[in-house]
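Colleague: I'm passing along target08.txt; it holds compact mmCIF, C-alpha atoms.
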```
# COMPACT_ATOMS: atom_id res chain seq x y z
CA MET A 1 24.00 -15.58 98.09
CA THR A 2 24.77 -18.97 96.56
CA THR A 3 24.58 -18.64 92.81
CA LYS A 4 25.86 -20.02 89.53
CA PHE A 5 26.79 -16.49 88.48
CA HIS A 6 29.44 -14.16 89.87
CA THR A 7 30.32 -11.63 87.17
CA ILE A 8 27.51 -10.11 85.11
CA GLY A 9 27.74 -8.02 81.95
CA LEU A 10 25.21 -5.38 80.98
CA ILE A 11 24.58 -4.58 77.31
CA GLY A 12 22.04 -2.20 75.82
CA LYS A 13 21.00 0.10 73.04
CA PRO A 14 23.04 3.35 73.18
CA HIS A 15 21.29 6.72 73.44
CA HIS A 16 17.89 5.24 74.27
CA GLN A 17 16.20 6.78 77.30
CA GLY A 18 14.17 3.73 78.34
CA THR A 19 17.14 1.39 77.96
CA ASN A 20 19.34 3.79 79.91
CA GLN A 21 16.87 3.87 82.82
CA THR A 22 16.67 0.07 82.96
CA LEU A 23 20.45 -0.30 82.79
CA LYS A 24 20.88 2.10 85.73
CA ARG A 25 18.35 0.15 87.78
CA LEU A 26 20.01 -3.14 86.88
CA HIS A 27 23.48 -1.89 87.74
CA HIS A 28 22.38 -0.56 91.12
CA TRP A 29 20.33 -3.66 91.97
CA LEU A 30 23.04 -6.13 90.95
CA THR A 31 25.75 -4.18 92.77
CA MET A 32 23.67 -4.15 95.95
CA GLN A 33 23.34 -7.95 95.61
CA GLY A 34 27.13 -8.22 95.64
CA PHE A 35 27.76 -9.13 91.99
CA GLU A 36 30.70 -7.85 89.98
CA VAL A 37 29.12 -5.86 87.14
CA LEU A 38 30.75 -4.96 83.82
CA VAL A 39 29.05 -2.59 81.39
CA GLU A 40 29.49 -2.57 77.61
CA GLU A 41 31.48 0.53 76.73
CA ARG A 42 28.93 2.04 74.32
CA VAL A 43 26.41 2.53 77.13
CA ALA A 44 28.70 2.79 80.16
CA THR A 45 29.29 6.53 79.79
CA GLU A 46 25.55 7.16 80.11
CA LEU A 47 25.29 5.41 83.49
CA GLY A 48 27.50 7.77 85.47
CA PRO A 49 30.86 7.50 87.27
CA ASN A 50 32.48 4.44 88.84
CA ILE A 51 31.31 2.11 86.06
CA GLU A 52 33.67 -0.57 84.74
CA ALA A 53 33.39 -0.17 80.97
CA VAL A 54 34.56 -3.00 78.70
CA ASP A 55 33.96 -4.17 75.15
CA LEU A 56 31.78 -7.14 74.16
CA LEU A 57 34.75 -9.48 73.85
CA GLU A 58 35.80 -8.79 77.45
CA ILE A 59 32.23 -9.35 78.64
CA GLY A 60 32.33 -12.71 76.89
CA ALA A 61 35.70 -13.61 78.41
CA ARG A 62 35.06 -12.48 81.99
CA CYS A 63 31.32 -12.81 82.64
CA ASP A 64 29.14 -15.75 83.67
CA LEU A 65 25.95 -14.06 82.51
CA ALA A 66 25.16 -11.24 80.07
CA ILE A 67 21.95 -9.23 80.36
CA VAL A 68 20.90 -7.52 77.12
CA VAL A 69 18.48 -4.61 77.46
CA GLY A 70 16.60 -3.70 74.28
CA GLY A 71 14.80 -5.50 71.49
CA ASP A 72 15.65 -8.58 69.49
CA GLY A 73 17.99 -6.52 67.31
CA ASN A 74 20.19 -5.72 70.29
CA MET A 75 20.11 -9.36 71.35
CA LEU A 76 21.14 -10.49 67.85
CA GLY A 77 24.06 -8.06 67.73
CA ALA A 78 25.34 -9.19 71.12
CA ALA A 79 24.70 -12.87 70.37
CA ARG A 80 26.85 -12.90 67.23
CA VAL A 81 29.81 -11.96 69.43
CA LEU A 82 28.95 -13.75 72.68
CA ALA A 83 28.08 -17.12 71.10
CA ARG A 84 31.78 -17.98 70.88
CA PHE A 85 31.98 -17.85 74.70
CA ASP A 86 30.37 -20.23 77.16
CA LEU A 87 28.17 -17.78 79.04
CA GLY A 88 24.45 -17.47 79.46
CA VAL A 89 22.53 -14.59 77.89
CA ILE A 90 19.16 -13.25 79.06
CA GLY A 91 17.18 -10.32 77.68
CA VAL A 92 15.14 -7.46 79.15
CA ASN A 93 12.60 -6.37 76.55
CA ARG A 94 12.81 -2.71 75.58
CA GLY A 95 11.84 -3.34 71.96
CA ASN A 96 8.66 -4.26 70.12
CA LEU A 97 7.97 -7.99 69.75
CA GLY A 98 10.88 -9.31 71.77
CA PHE A 99 10.89 -13.03 70.94
CA LEU A 100 14.34 -13.39 72.55
CA THR A 101 13.92 -11.06 75.52
CA ASP A 102 12.03 -12.52 78.47
CA LEU A 103 12.20 -10.05 81.36
CA PRO A 104 9.88 -7.02 81.66
CA PRO A 105 11.78 -3.72 81.93
CA ASP A 106 9.80 -2.28 84.84
CA ALA A 107 9.56 -5.37 87.06
CA PHE A 108 12.60 -7.53 86.37
CA GLU A 109 13.75 -7.96 89.97
CA GLU A 110 11.64 -10.94 91.08
CA ALA A 111 12.22 -13.06 87.98
CA LEU A 112 15.92 -12.13 87.74
CA ALA A 113 16.49 -12.93 91.41
CA LYS A 114 15.23 -16.46 90.84
CA VAL A 115 17.49 -16.83 87.80
CA LEU A 116 20.49 -15.66 89.79
CA ASP A 117 19.59 -18.18 92.51
CA GLY A 118 19.86 -20.96 89.94
CA GLU A 119 16.18 -21.30 89.01
CA PHE A 120 16.31 -21.10 85.22
CA ASP A 121 16.04 -23.08 82.01
CA THR A 122 18.83 -23.21 79.45
CA GLU A 123 18.25 -23.32 75.71
CA HIS A 124 20.84 -23.50 72.95
CA ARG A 125 20.28 -21.84 69.58
CA PHE A 126 22.62 -22.61 66.70
CA LEU A 127 24.00 -19.89 64.42
CA LEU A 128 24.73 -19.74 60.70
CA GLU A 129 28.02 -19.10 58.96
CA ALA A 130 27.71 -17.22 55.66
CA GLU A 131 30.66 -17.08 53.25
CA VAL A 132 31.12 -15.35 49.88
CA TYR A 133 33.53 -16.95 47.40
CA ARG A 134 34.85 -15.26 44.24
CA HIS A 135 36.83 -17.35 41.74
CA GLY A 136 37.25 -19.99 44.44
CA MET A 137 38.66 -17.58 47.02
CA LEU A 138 36.91 -16.58 50.26
CA LYS A 139 36.15 -12.84 50.08
CA ALA A 140 33.95 -12.26 53.15
CA SER A 141 32.18 -14.13 55.94
CA ASN A 142 30.12 -13.54 59.07
CA THR A 143 27.70 -15.26 61.41
CA ALA A 144 23.95 -14.88 61.81
CA VAL A 145 21.54 -15.87 64.57
CA ASN A 146 18.36 -15.36 62.55
CA GLU A 147 19.08 -15.54 58.85
CA ALA A 148 21.42 -14.96 55.94
CA VAL A 149 19.72 -13.23 53.01
CA LEU A 150 20.90 -12.93 49.41
CA HIS A 151 19.31 -9.82 47.88
CA PRO A 152 19.91 -6.80 45.64
CA GLY A 153 21.60 -3.83 47.27
CA LYS A 154 19.68 -0.58 47.48
CA ILE A 155 16.85 -1.15 45.00
CA ALA A 156 14.66 -4.27 44.96
CA HIS A 157 14.71 -6.08 41.62
CA MET A 158 14.74 -9.61 40.27
CA ILE A 159 17.99 -11.54 40.44
CA GLU A 160 18.93 -14.96 39.02
CA PHE A 161 20.72 -17.63 40.98
CA GLU A 162 21.02 -21.39 41.44
CA VAL A 163 20.56 -23.25 44.72
CA TYR A 164 22.41 -26.42 45.71
CA ILE A 165 21.87 -28.58 48.81
CA ASP A 166 24.97 -30.59 49.76
CA ASP A 167 26.28 -30.02 46.22
CA GLN A 168 23.10 -31.44 44.69
CA PHE A 169 21.35 -29.03 42.34
CA MET A 170 17.89 -28.13 43.68
CA TYR A 171 16.67 -25.40 41.32
CA SER A 172 17.42 -22.21 39.48
CA GLN A 173 15.54 -19.21 40.73
CA ARG A 174 14.35 -15.84 39.53
CA ALA A 175 13.33 -13.88 42.62
CA ASP A 176 14.07 -10.77 44.64
CA GLY A 177 16.30 -12.85 46.88
CA MET A 178 16.57 -15.88 49.13
CA ILE A 179 16.30 -16.16 52.92
CA VAL A 180 18.16 -18.98 54.68
CA SER A 181 16.84 -19.02 58.23
CA THR A 182 17.46 -20.84 61.50
CA PRO A 183 14.51 -21.82 63.73
CA THR A 184 15.29 -18.69 65.74
CA GLY A 185 14.87 -16.57 62.61
CA SER A 186 11.72 -18.36 61.48
CA THR A 187 9.62 -15.85 63.46
CA ALA A 188 11.46 -12.90 61.90
CA TYR A 189 12.12 -12.00 58.24
CA ALA A 190 11.33 -15.52 57.01
CA LEU A 191 7.88 -15.39 58.61
CA SER A 192 7.12 -12.07 56.90
CA ALA A 193 8.11 -13.66 53.57
CA GLY A 194 5.65 -16.53 54.04
CA GLY A 195 7.85 -19.13 55.71
CA ALA A 196 6.78 -21.64 58.35
CA ILE A 197 7.54 -21.27 62.06
CA LEU A 198 10.14 -23.79 63.23
CA THR A 199 10.23 -24.58 66.94
CA PRO A 200 13.64 -23.76 68.46
CA ASN A 201 14.51 -27.38 69.27
CA LEU A 202 14.49 -28.39 65.59
CA GLN A 203 17.83 -28.99 63.91
CA ALA A 204 16.66 -27.59 60.60
CA LEU A 205 16.97 -24.69 58.18
CA ILE A 206 14.21 -23.11 56.13
CA LEU A 207 14.83 -21.58 52.69
CA VAL A 208 12.29 -18.93 51.75
CA PRO A 209 12.40 -17.31 48.27
CA MET A 210 11.55 -13.61 48.24
CA PHE A 211 8.85 -12.80 45.68
CA PRO A 212 9.72 -15.71 43.33
CA HIS A 213 8.73 -15.26 39.69
CA THR A 214 6.96 -18.62 39.61
CA LEU A 215 3.93 -19.68 41.63
CA SER A 216 5.27 -23.22 42.05
CA CYS A 217 8.17 -22.11 44.24
CA ARG A 218 7.57 -22.58 47.97
CA PRO A 219 9.66 -22.52 51.16
CA ILE A 220 11.54 -25.74 51.88
CA VAL A 221 12.88 -27.11 55.17
CA VAL A 222 16.19 -29.01 55.14
CA ASP A 223 18.39 -30.63 57.75
CA ALA A 224 20.57 -28.21 59.70
CA CYS A 225 23.65 -30.24 58.73
CA SER A 226 23.05 -29.36 55.06
CA THR A 227 25.37 -27.02 53.20
CA ILE A 228 23.46 -24.43 51.18
CA LYS A 229 25.19 -23.06 48.09
CA MET A 230 23.77 -20.20 46.01
CA VAL A 231 25.49 -19.40 42.73
CA VAL A 232 24.72 -15.93 41.39
CA SER A 233 24.23 -15.70 37.63
CA PRO A 234 27.00 -13.82 35.77
CA GLU A 235 24.19 -11.94 33.98
CA ASN A 236 23.06 -10.13 37.15
CA GLY A 237 23.81 -6.50 37.70
CA GLU A 238 26.17 -5.46 40.45
CA ASN A 239 25.31 -4.21 43.96
CA LEU A 240 24.16 -7.52 45.38
CA GLU A 241 24.80 -8.47 48.99
CA VAL A 242 24.29 -11.07 51.70
CA SER A 243 22.85 -9.65 54.91
CA CYS A 244 23.39 -11.40 58.23
CA ASP A 245 20.52 -10.61 60.62
CA GLY A 246 20.00 -7.40 58.65
CA HIS A 247 23.06 -5.89 60.40
CA VAL A 248 26.18 -7.18 58.66
CA HIS A 249 26.36 -6.85 54.87
CA LEU A 250 28.71 -8.87 52.65
CA ALA A 251 29.25 -7.59 49.10
CA VAL A 252 28.38 -10.01 46.27
CA LEU A 253 29.28 -9.75 42.57
CA PRO A 254 27.82 -11.63 39.57
CA GLY A 255 29.25 -15.15 39.43
CA ASP A 256 29.99 -15.33 43.17
CA GLU A 257 29.13 -18.37 45.26
CA ILE A 258 27.50 -18.01 48.67
CA ILE A 259 27.88 -20.86 51.15
CA VAL A 260 25.59 -21.00 54.19
CA ARG A 261 25.98 -23.70 56.82
CA ARG A 262 25.40 -24.25 60.51
CA SER A 263 28.08 -22.62 62.63
CA SER A 264 29.94 -24.46 65.37
CA GLU A 265 28.96 -21.61 67.71
CA ARG A 266 25.79 -21.74 69.80
CA LEU A 267 23.98 -19.08 71.77
CA ARG A 268 23.16 -20.18 75.33
CA LEU A 269 19.88 -18.50 76.21
CA ILE A 270 18.77 -18.32 79.84
CA HIS A 271 15.02 -18.32 80.54
CA PRO A 272 13.13 -17.94 83.82
CA LYS A 273 11.62 -21.23 85.00
CA GLY A 274 8.35 -22.02 83.28
CA HIS A 275 9.29 -20.43 79.95
CA ASN A 276 6.86 -21.67 77.29
CA TYR A 277 7.60 -21.10 73.60
CA PHE A 278 3.95 -21.43 72.54
CA HIS A 279 2.90 -18.88 75.15
CA VAL A 280 5.47 -16.52 73.61
CA LEU A 281 4.00 -17.13 70.15
CA ARG A 282 0.45 -16.53 71.36
CA THR A 283 1.46 -13.32 73.09
CA LYS A 284 3.71 -11.86 70.40
CA LEU A 285 1.65 -12.89 67.36
CA GLY A 286 -1.79 -12.28 68.85
CA TRP A 287 -2.97 -15.86 68.50
CA GLY A 288 -6.30 -16.80 70.05
CA SER A 289 -6.49 -18.20 73.57
CA LYS A 290 -8.13 -21.51 74.48
CA LEU A 291 -11.83 -21.79 73.62
CA PHE A 292 -12.67 -24.45 76.22
```
In structure tokens, what does this structure look like?

Modeller:
Amino acid sequence: MTTKFHTIGLIGKPHHQGTNQTLKRLHHWLTMQGFEVLVEERVATELGPNIEAVDLLEIGARCDLAIVVGGDGNMLGAARVLARFDLGVIGVNRGNLGFLTDLPPDAFEEALAKVLDGEFDTEHRFLLEAEVYRHGMLKASNTAVNEAVLHPGKIAHMIEFEVYIDDQFMYSQRADGMIVSTPTGSTAYALSAGGAILTPNLQALILVPMFPHTLSCRPIVVDACSTIKMVVSPENGENLEVSCDGHVHLAVLPGDEIIVRRSSERLRLIHPKGHNYFHVLRTKLGWGSKLF
């Protein structure tokens, strides 16, 4: 078989029966096609003997393609690691909505075979870099595919902070938090908070306040090259944090500064030929079909 891919990594949600079944089918099918297959170590033990188990970093370093089985959450977790490597990533949907996972779990063979034969579309999604500074010193940082969110810790309550765009003061805010989202994340937490949907090709960020204590405050879209700075009021209580994709949590104290900017890393998504973003939106969000 002539293909752009030679070594393929399999990643999935551990201890999930449906995911486990799909991973076994994928491993057998890909092996029979003659591909070298590596399996992420957290799920490898569930697939049986004679499986080459590696960590995510080794999948990134050695593979040409990574197949993520699960929902968007599994894709986000893998993407934050794999974006630093130049490999394609494609998803098999074993979750709920699955905006980032194209292949059906029970009939992936036909579509995946075409992808492996070189019939696919490539799409790049940029990531965010979130940093927490205390007294001018960097205390914590991480990347996000969807969004970085400033919010209280365990209990929702109003917090006070200022927002700057490229060091220009935009406004002070009393709200339950602030979502800084990529176009990828605009169909996730930001959408639930009342933000607009940004098509993936846009080089833009959307800032969505969470339950702002003024009716005049609305989401705002800014250029993706902008640097977002949020300064937390010294009068806030403790137990604040910045969440990256809802998975990674960075501790924030009163007076801290949070910097959010576009990362230099990009996720290279692989789609079957004919992928249509608006079809995905109609399907996942239950939009109406054509009337005439």

Colleague: Using only C-alpha atoms, which of the listed residues (A:Met75, A:Val242, A:Ala144, A:Val231) sits closest to Gly255 (chain A)?

Modeller: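 The closest residue to Gly255 (chain A) is A:Val231.
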
Colleague: Restricting the calculation to all atoms listed in the file, which member of A:His124, A:His271, A:Arg42, A:Arg218 is positioned closest to Val92 (chain A)?

Modeller: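 Once distances to Val92 (chain A) are computed over all atoms listed in the file, the minimum belongs to A:His271.
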
Colleague: Restricting the calculation to all atoms listed in the file: of A:Leu23, A:Leu97, A:Val149, A:Val68, which residue gets closest to Glu129 (chain A)?

Modeller: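 Once distances to Glu129 (chain A) are computed over all atoms listed in the file, the minimum belongs to A:Val149.
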
Colleague: One decimal, in Å: what's the spacing between CA of Tyr171 (chain A) and CA of Met230 (chain A)?

Modeller: 10.0 Å

Colleague: Any idea what the distance is between CA of Leu56 (chain A) and CA of Leu138 (chain A)?

Modeller: 26.2 Å

Colleague: Rounded to one decimal, what separation in Å do you get between CA of Ile165 (chain A) and CA of Phe99 (chain A)?

Modeller: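 CA of Phe99 (chain A) lies 29.2 Å from CA of Ile165 (chain A).
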
Colleague: Around the point (20.0, -4.2, 90.6) in the file's coordinates, collect all residues with an atom within 12 Å, using all atoms listed in the file, and return them as a list in words.

Modeller: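 I get Ile8, Leu10, Gln21, Thr22, Leu23, Lys24, Arg25, Leu26, His27, His28, Trp29, Leu30, Thr31, Met32, Gln33, Gly34, Phe35, Glu36, Val37, Ile67, Pro105, Asp106, Ala107, Phe108, Glu109, Glu110, Leu112, Ala113 and Leu116 of chain A for the residues within 12 Å of that point.
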
Colleague: What's the 6 Å shell around Asn93 (chain A), counting only C-alpha atoms, without same-chain residues fewer than 3 positions away, as a ChimeraX atom specification?

Modeller: /A:70-71,98,101,104

Colleague: With distances taken over only C-alpha atoms, which of A:Pro219, A:Pro212, A:Gly60, A:Pro14 is nearest to Leu267 (chain A)?

Modeller: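 Under the stated criterion, the closest residue is A:Gly60.
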
Colleague: Smallest atom-to-atom distance to His6 (chain A): which of A:Pro49, A:Gly288, A:Gly118, A:Gly73, using all atoms listed in the file?

Modeller: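 Closest candidate: A:Gly118.
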
Colleague: Could you check which residues have any atom within 7 Å of (27.2, -24.8, 52.2), counting only C-alpha atoms with coordinates taken straight from the file, and then list them as a list of chain:residue names?

Modeller: A:Asp166, A:Ser226, A:Thr227, A:Ile228, A:Lys229, A:Ile259, A:Val260, A:Arg261

Colleague: Store the residues picked out above, limited to C-alpha atoms, as a compact mmCIF listing (two decimals), in the frame of the given file.

Modeller:
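This went into again.txt:
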```txt
# COMPACT_ATOMS: atom_id res chain seq x y z
CA ASP A 166 24.97 -30.59 49.76
CA SER A 226 23.05 -29.36 55.06
CA THR A 227 25.37 -27.02 53.20
CA ILE A 228 23.46 -24.43 51.18
CA LYS A 229 25.19 -23.06 48.09
CA ILE A 259 27.88 -20.86 51.15
CA VAL A 260 25.59 -21.00 54.19
CA ARG A 261 25.98 -23.70 56.82
```
